[in-house]
$ cat protein25.csv   # CSV, N, CA and C atoms
chain,number,residue,atom,x,y,z
V,677,MET,N,25.7,20.5,55.2
V,677,MET,CA,26.0,20.8,53.8
V,677,MET,C,25.2,19.8,53.0
V,678,ALA,N,24.3,20.3,52.1
V,678,ALA,CA,23.5,19.5,51.3
V,678,ALA,C,24.3,18.8,50.2
V,679,GLU,N,24.0,17.6,49.9
V,679,GLU,CA,24.7,16.8,48.9
V,679,GLU,C,23.7,16.0,48.1
V,680,THR,N,23.9,15.8,46.8
V,680,THR,CA,23.0,15.0,46.0
V,680,THR,C,23.8,13.7,45.7
V,681,VAL,N,23.1,12.6,45.9
V,681,VAL,CA,23.7,11.3,45.6
V,681,VAL,C,22.7,10.6,44.6
V,682,VAL,N,23.3,10.1,43.6
V,682,VAL,CA,22.5,9.4,42.5
V,682,VAL,C,23.0,7.9,42.5
V,683,LEU,N,22.0,7.0,42.6
V,683,LEU,CA,22.3,5.6,42.6
V,683,LEU,C,21.5,4.9,41.5
V,684,ARG,N,22.1,3.8,41.0
V,684,ARG,CA,21.3,2.9,40.1
V,684,ARG,C,20.9,1.8,41.0
V,685,VAL,N,19.6,1.5,41.0
V,685,VAL,CA,19.0,0.5,41.8
V,685,VAL,C,18.1,-0.4,41.0
V,686,ALA,N,18.4,-1.7,41.0
V,686,ALA,CA,17.6,-2.7,40.3
V,686,ALA,C,16.2,-2.8,40.9
V,687,MET,N,15.2,-2.2,40.2
V,687,MET,CA,13.8,-2.3,40.6
V,687,MET,C,13.0,-2.7,39.5
V,688,SER,N,12.1,-3.7,39.8
V,688,SER,CA,11.2,-4.2,38.7
V,688,SER,C,9.8,-3.9,38.8
V,689,CYS,N,9.3,-3.4,40.0
V,689,CYS,CA,7.9,-3.1,40.2
V,689,CYS,C,7.7,-2.0,41.2
V,690,GLN,N,6.5,-1.7,41.5
V,690,GLN,CA,6.2,-0.6,42.5
V,690,GLN,C,6.5,-1.1,43.9
V,691,GLY,N,6.5,-2.4,44.1
V,691,GLY,CA,6.9,-3.0,45.4
V,691,GLY,C,8.4,-2.6,45.7
V,692,CYS,N,9.2,-2.8,44.6
V,692,CYS,CA,10.6,-2.4,44.8
V,692,CYS,C,10.8,-0.9,45.1
V,693,VAL,N,10.0,-0.1,44.4
V,693,VAL,CA,10.1,1.3,44.6
V,693,VAL,C,9.7,1.6,46.1
V,694,GLY,N,8.6,0.9,46.6
V,694,GLY,CA,8.2,1.1,47.9
V,694,GLY,C,9.2,0.7,49.0
V,695,ALA,N,10.0,-0.4,48.7
V,695,ALA,CA,11.0,-0.8,49.6
V,695,ALA,C,12.1,0.3,49.7
V,696,VAL,N,12.5,0.8,48.5
V,696,VAL,CA,13.5,1.9,48.5
V,696,VAL,C,13.0,3.1,49.3
V,697,LYS,N,11.8,3.5,49.0
V,697,LYS,CA,11.2,4.7,49.7
V,697,LYS,C,11.2,4.5,51.2
V,698,ARG,N,10.8,3.3,51.6
V,698,ARG,CA,10.7,3.0,53.1
V,698,ARG,C,12.1,3.2,53.8
V,699,VAL,N,13.2,2.7,53.2
V,699,VAL,CA,14.5,2.9,53.9
V,699,VAL,C,14.9,4.3,53.8
V,700,LEU,N,14.6,5.0,52.7
V,700,LEU,CA,15.1,6.4,52.6
V,700,LEU,C,14.2,7.3,53.5
V,701,THR,N,13.0,7.0,53.7
V,701,THR,CA,12.1,7.8,54.6
V,701,THR,C,12.7,7.7,56.1
V,702,LYS,N,13.2,6.6,56.5
V,702,LYS,CA,13.8,6.4,57.8
V,702,LYS,C,15.2,7.0,58.0
V,703,MET,N,15.8,7.3,56.9
V,703,MET,CA,17.2,7.8,57.0
V,703,MET,C,17.3,9.2,57.4
V,704,GLU,N,18.2,9.5,58.4
V,704,GLU,CA,18.4,10.8,58.9
V,704,GLU,C,19.2,11.7,57.9
V,705,GLY,N,18.8,13.0,57.8
V,705,GLY,CA,19.6,13.9,56.9
V,705,GLY,C,19.0,14.0,55.5
V,706,VAL,N,18.0,13.1,55.2
V,706,VAL,CA,17.5,13.2,53.8
V,706,VAL,C,16.4,14.3,53.8
V,707,GLU,N,16.7,15.3,52.8
V,707,GLU,CA,15.7,16.4,52.7
V,707,GLU,C,14.7,16.0,51.6
V,708,SER,N,15.1,15.3,50.5
V,708,SER,CA,14.2,14.9,49.5
V,708,SER,C,14.8,13.7,48.7
V,709,PHE,N,14.0,13.0,48.0
V,709,PHE,CA,14.5,11.9,47.2
V,709,PHE,C,13.5,11.7,46.0
V,710,ASP,N,14.0,11.1,45.0
V,710,ASP,CA,13.2,10.8,43.8
V,710,ASP,C,13.6,9.3,43.4
V,711,VAL,N,12.6,8.5,43.2
V,711,VAL,CA,12.8,7.1,42.8
V,711,VAL,C,12.2,6.9,41.4
V,712,ASP,N,13.0,6.7,40.4
V,712,ASP,CA,12.5,6.5,39.1
V,712,ASP,C,12.6,5.1,38.6
V,713,LEU,N,11.5,4.4,38.6
V,713,LEU,CA,11.5,3.0,38.3
V,713,LEU,C,11.9,2.7,36.8
V,714,GLN,N,11.5,3.5,35.9
V,714,GLN,CA,11.8,3.3,34.5
V,714,GLN,C,13.3,3.4,34.2
V,715,GLU,N,14.0,4.4,34.8
V,715,GLU,CA,15.4,4.6,34.6
V,715,GLU,C,16.3,3.8,35.7
V,716,GLN,N,15.6,3.2,36.7
V,716,GLN,CA,16.3,2.5,37.7
V,716,GLN,C,17.3,3.4,38.5
V,717,LYS,N,16.8,4.6,38.7
V,717,LYS,CA,17.6,5.7,39.2
V,717,LYS,C,17.0,6.2,40.5
V,718,VAL,N,17.8,6.4,41.6
V,718,VAL,CA,17.4,7.0,42.8
V,718,VAL,C,18.3,8.2,43.1
V,719,THR,N,17.6,9.3,43.3
V,719,THR,CA,18.4,10.6,43.6
V,719,THR,C,18.0,11.0,45.0
V,720,VAL,N,19.0,11.2,45.8
V,720,VAL,CA,18.8,11.6,47.2
V,720,VAL,C,19.5,12.9,47.5
V,721,LYS,N,18.8,13.9,48.1
V,721,LYS,CA,19.4,15.2,48.4
V,721,LYS,C,19.2,15.4,49.9
V,722,GLY,N,20.3,15.9,50.5
V,722,GLY,CA,20.3,16.2,52.0
V,722,GLY,C,21.6,16.3,52.6
V,723,ASP,N,21.6,16.3,53.9
V,723,ASP,CA,22.9,16.3,54.6
V,723,ASP,C,23.3,14.8,54.9
V,724,VAL,N,23.8,14.2,53.8
V,724,VAL,CA,24.1,12.8,53.7
V,724,VAL,C,25.4,12.6,53.0
V,725,THR,N,26.0,11.4,53.3
V,725,THR,CA,27.2,11.0,52.5
V,725,THR,C,26.9,10.0,51.5
V,726,PRO,N,27.6,9.9,50.4
V,726,PRO,CA,27.3,8.9,49.4
V,726,PRO,C,27.3,7.5,49.9
V,727,GLU,N,28.3,7.2,50.8
V,727,GLU,CA,28.4,5.8,51.3
V,727,GLU,C,27.2,5.5,52.2
V,728,THR,N,26.8,6.4,53.0
V,728,THR,CA,25.6,6.1,53.9
V,728,THR,C,24.4,5.9,53.1
V,729,VAL,N,24.2,6.7,52.0
V,729,VAL,CA,23.0,6.5,51.2
V,729,VAL,C,23.1,5.2,50.5
V,730,PHE,N,24.2,4.8,50.0
V,730,PHE,CA,24.4,3.5,49.3
V,730,PHE,C,24.1,2.4,50.3
V,731,GLN,N,24.6,2.4,51.5
V,731,GLN,CA,24.4,1.4,52.5
V,731,GLN,C,22.9,1.3,52.8
V,732,THR,N,22.3,2.4,53.0
V,732,THR,CA,20.8,2.5,53.4
V,732,THR,C,20.0,1.9,52.2
V,733,VAL,N,20.2,2.3,51.0
V,733,VAL,CA,19.4,1.8,49.9
V,733,VAL,C,19.7,0.3,49.7
V,734,SER,N,20.9,-0.2,49.9
V,734,SER,CA,21.2,-1.6,49.8
V,734,SER,C,20.4,-2.4,50.8
V,735,LYS,N,20.1,-1.8,51.9
V,735,LYS,CA,19.3,-2.5,52.9
V,735,LYS,C,17.9,-2.9,52.4
V,736,SER,N,17.5,-2.3,51.3
V,736,SER,CA,16.2,-2.6,50.7
V,736,SER,C,16.2,-4.0,50.0
V,737,GLY,N,17.4,-4.5,49.9
V,737,GLY,CA,17.6,-5.8,49.2
V,737,GLY,C,17.7,-5.7,47.7
V,738,LYS,N,17.8,-4.5,47.2
V,738,LYS,CA,17.9,-4.3,45.8
V,738,LYS,C,19.4,-4.1,45.4
V,739,LYS,N,19.8,-4.6,44.2
V,739,LYS,CA,21.2,-4.4,43.8
V,739,LYS,C,21.4,-2.9,43.5
V,740,THR,N,22.4,-2.4,44.2
V,740,THR,CA,22.6,-0.9,44.2
V,740,THR,C,24.1,-0.6,43.8
V,741,SER,N,24.2,0.4,43.0
V,741,SER,CA,25.6,0.9,42.6
V,741,SER,C,25.5,2.4,42.4
V,742,PHE,N,26.6,3.1,42.5
V,742,PHE,CA,26.6,4.5,42.2
V,742,PHE,C,26.4,4.7,40.7
V,743,TRP,N,25.6,5.7,40.4
V,743,TRP,CA,25.2,6.0,39.0
V,743,TRP,C,26.4,6.2,38.1
V,744,GLU,N,27.5,6.9,38.6
V,744,GLU,CA,28.7,7.1,37.8
V,744,GLU,C,29.4,5.8,37.4
V,745,GLU,N,29.4,4.9,38.3
V,745,GLU,CA,30.1,3.6,38.1
V,745,GLU,C,29.6,2.8,37.0
V,746,GLU,N,28.3,3.0,36.6
V,746,GLU,CA,27.7,2.2,35.5
V,746,GLU,C,28.4,2.6,34.2
V,747,ALA,N,28.8,3.8,34.0
V,747,ALA,CA,29.5,4.2,32.8
V,747,ALA,C,30.9,3.6,32.8
V,748,LYS,N,31.5,3.3,33.9
V,748,LYS,CA,32.8,2.8,34.0
V,748,LYS,C,32.8,1.3,34.0
V,749,GLU,N,31.7,0.6,34.4
V,749,GLU,CA,31.7,-0.8,34.5
V,749,GLU,C,32.0,-1.6,33.2
V,750,PRO,N,31.5,-1.1,32.0
V,750,PRO,CA,31.7,-1.9,30.8
V,750,PRO,C,33.2,-2.0,30.5
V,751,ALA,N,34.0,-1.0,30.8
V,751,ALA,CA,35.5,-1.1,30.5
V,751,ALA,C,36.1,-2.3,31.3
V,752,PRO,N,35.9,-2.5,32.6
V,752,PRO,CA,36.5,-3.6,33.3
V,752,PRO,C,36.0,-4.9,32.8
V,753,ALA,N,34.8,-5.0,32.3
V,753,ALA,CA,34.2,-6.3,31.9
V,753,ALA,C,35.1,-7.0,30.9
V,754,PRO,N,35.7,-6.4,29.9
V,754,PRO,CA,36.5,-7.2,29.0
V,754,PRO,C,37.7,-7.8,29.7
V,755,GLU,N,38.3,-7.0,30.7
V,755,GLU,CA,39.4,-7.6,31.5
V,755,GLU,C,38.9,-8.8,32.2
V,756,ALA,N,37.7,-8.8,32.8
V,756,ALA,CA,37.2,-9.9,33.5
V,756,ALA,C,37.0,-11.1,32.6
V,757,GLU,N,36.6,-10.8,31.3
V,757,GLU,CA,36.4,-11.9,30.3
V,757,GLU,C,37.8,-12.5,29.9
V,758,ALA,N,38.8,-11.7,29.9
V,758,ALA,CA,40.1,-12.1,29.6
V,758,ALA,C,40.7,-13.1,30.6
V,759,ALA,N,40.3,-12.9,31.9
V,759,ALA,CA,40.8,-13.7,32.9
V,759,ALA,C,40.4,-15.2,32.8
V,760,PRO,N,39.2,-15.6,32.3
V,760,PRO,CA,38.9,-17.0,32.2
V,760,PRO,C,39.8,-17.7,31.1
V,761,GLU,N,40.3,-17.0,30.1
V,761,GLU,CA,41.1,-17.7,29.1
V,761,GLU,C,42.3,-18.5,29.7
V,762,PRO,N,43.1,-17.9,30.6
V,762,PRO,CA,44.1,-18.7,31.2
V,762,PRO,C,43.6,-19.9,32.0
V,763,VAL,N,42.4,-19.9,32.4
V,763,VAL,CA,41.9,-21.1,33.2
V,763,VAL,C,41.9,-22.3,32.4
V,764,PRO,N,41.4,-22.3,31.1
V,764,PRO,CA,41.5,-23.5,30.3
V,764,PRO,C,43.0,-24.0,30.1
V,765,GLU,N,43.9,-23.1,30.0
V,765,GLU,CA,45.3,-23.5,30.0
V,765,GLU,C,45.7,-24.2,31.3
V,766,ALA,N,45.2,-23.7,32.4
V,766,ALA,CA,45.5,-24.3,33.7
V,766,ALA,C,44.9,-25.7,33.8
V,767,GLU,N,43.7,-25.8,33.2
V,767,GLU,CA,43.0,-27.1,33.2
V,767,GLU,C,43.8,-28.1,32.3
V,768,ALA,N,44.5,-27.6,31.2
V,768,ALA,CA,45.2,-28.4,30.3
V,768,ALA,C,46.5,-28.9,31.1
V,769,ALA,N,47.0,-28.2,32.0
V,769,ALA,CA,48.2,-28.6,32.7
V,769,ALA,C,48.1,-29.9,33.5
V,770,PRO,N,46.9,-30.2,34.1
V,770,PRO,CA,46.8,-31.5,34.8
V,770,PRO,C,47.0,-32.7,33.9
V,771,GLU,N,46.8,-32.6,32.5
V,771,GLU,CA,46.9,-33.8,31.7
V,771,GLU,C,48.2,-34.5,31.7
V,772,PRO,N,49.3,-33.7,31.7
V,772,PRO,CA,50.6,-34.4,31.9
V,772,PRO,C,50.8,-35.1,33.2
V,773,VAL,N,50.1,-34.6,34.2
V,773,VAL,CA,50.2,-35.2,35.6
V,773,VAL,C,49.7,-36.6,35.6
V,774,PRO,N,48.5,-36.9,35.0
V,774,PRO,CA,48.1,-38.3,34.9
V,774,PRO,C,49.1,-39.2,34.2
V,775,GLU,N,49.8,-38.7,33.1
V,775,GLU,CA,50.7,-39.5,32.4
V,775,GLU,C,51.9,-39.8,33.4
V,776,ALA,N,52.3,-38.9,34.2
V,776,ALA,CA,53.4,-39.2,35.2
V,776,ALA,C,52.9,-40.2,36.2
V,777,ALA,N,51.6,-40.2,36.6
V,777,ALA,CA,51.1,-41.1,37.6
V,777,ALA,C,51.3,-42.6,37.2
V,778,PRO,N,51.0,-43.0,35.9
V,778,PRO,CA,51.2,-44.4,35.5
V,778,PRO,C,52.7,-44.8,35.6
V,779,ASP,N,53.6,-43.8,35.3
V,779,ASP,CA,55.0,-44.1,35.4
V,779,ASP,C,55.4,-44.5,36.9
V,780,VAL,N,54.8,-43.7,37.8
V,780,VAL,CA,55.0,-44.0,39.2
V,780,VAL,C,54.4,-45.4,39.6
V,781,ALA,N,53.3,-45.7,39.0
V,781,ALA,CA,52.6,-47.0,39.3
V,781,ALA,C,53.5,-48.1,38.7
V,782,ALA,N,54.0,-47.8,37.5
V,782,ALA,CA,54.8,-48.8,36.8
V,782,ALA,C,56.1,-49.1,37.6
V,783,SER,N,56.7,-48.0,38.1
V,783,SER,CA,57.9,-48.1,38.9
V,783,SER,C,57.6,-48.9,40.2
V,784,ALA,N,56.5,-48.6,40.8
V,784,ALA,CA,56.1,-49.3,42.0
V,784,ALA,C,55.9,-50.8,41.7
V,785,ALA,N,55.3,-51.1,40.5
V,785,ALA,CA,55.0,-52.5,40.2
V,785,ALA,C,56.3,-53.2,39.9
V,786,ALA,N,57.3,-52.5,39.2
V,786,ALA,CA,58.6,-53.1,38.9
V,786,ALA,C,59.3,-53.3,40.2
V,787,ALA,N,59.2,-52.4,41.2
V,787,ALA,CA,59.9,-52.6,42.5
V,787,ALA,C,59.3,-53.7,43.2
V,788,ALA,N,58.0,-53.9,43.1
V,788,ALA,CA,57.3,-55.0,43.8
V,788,ALA,C,57.7,-56.3,43.2
V,789,ALA,N,57.8,-56.3,41.8
V,789,ALA,CA,58.2,-57.5,41.1
V,789,ALA,C,59.7,-57.9,41.5
V,790,ALA,N,60.5,-56.9,41.6
V,790,ALA,CA,61.9,-57.2,41.9
V,790,ALA,C,62.0,-57.7,43.3
V,791,ALA,N,61.2,-57.2,44.2
V,791,ALA,CA,61.2,-57.6,45.6
V,791,ALA,C,60.8,-59.1,45.7
V,792,THR,N,59.8,-59.5,44.9
V,792,THR,CA,59.3,-60.9,45.0
V,792,THR,C,60.3,-61.9,44.3
V,793,ALA,N,61.1,-61.4,43.4
V,793,ALA,CA,62.0,-62.3,42.7
V,793,ALA,C,63.2,-62.7,43.4

$ encode --input "protein25.csv" --output "structure tokens"
Amino acid sequence: MAETVVLRVAMSCQGCVGAVKRVLTKMEGVESFDVDLQEQKVTVKGDVTPETVFQTVSKSGKKTSFWEEEAKEPAPAPEAEAAPEPVPEAEAAPEPVPEAAPDVAASAAAAAAAATA
């Protein structure tokens, strides 16, 4: 059963295009493919599965993702940006800990002074 798989592949030059073409040429089940440098788009047609095409193109060393995922990626990005905000709060938490440490040191010093007296 013929399937069409469309990937976004980070390519900056004809050498990158050649690397992608090399791995696709060796892949079994590929009937045809198109590599578009300007759009960073690779379209593969044949008796292939999306995951197999993805893994094969990834072997070229180029950053690869499914074309449809690109439209969905900007939505998760704000959530990822929201995650670092609690980190500064977590960094603020250790400040009280050093304040407690001198108390422990003072208690230890007082205990030592009491022991010598």

$ atom_distance --input "protein25.csv" --atom1 "CA of Gly691 (chain V)" --atom2 "CA of Asp723 (chain V)"
26.7 Å

$ closest_residue --input "protein25.csv" --among "V:Gln714, V:Ser708, V:Gln690, V:Thr719" --to "Phe742 (chain V)" --atoms "only C-alpha atoms"
V:Thr719

$ atom_distance --input "protein25.csv" --atom1 "CA of Ala678 (chain V)" --atom2 "CA of Asp710 (chain V)"
15.4 Å

$ residues_near_point --input "protein25.csv" --point "(19.4, 14.8, 54.6)" --cutoff "10 Å" --atoms "only C-alpha atoms" --output "ChimeraX atom specification"
/V:677-680,700,703-709,720-725,729

$ atom_distance --input "protein25.csv" --atom1 "CA of Lys738 (chain V)" --atom2 "CA of Met687 (chain V)"
6.9 Å

$ select_by_dssp --input "protein25.csv" --residues "region 696-753 of chain V" --states "strand (DSSP E)" --output "PyMOL selection string"
chain V and resi 706-712+717-722+740-742
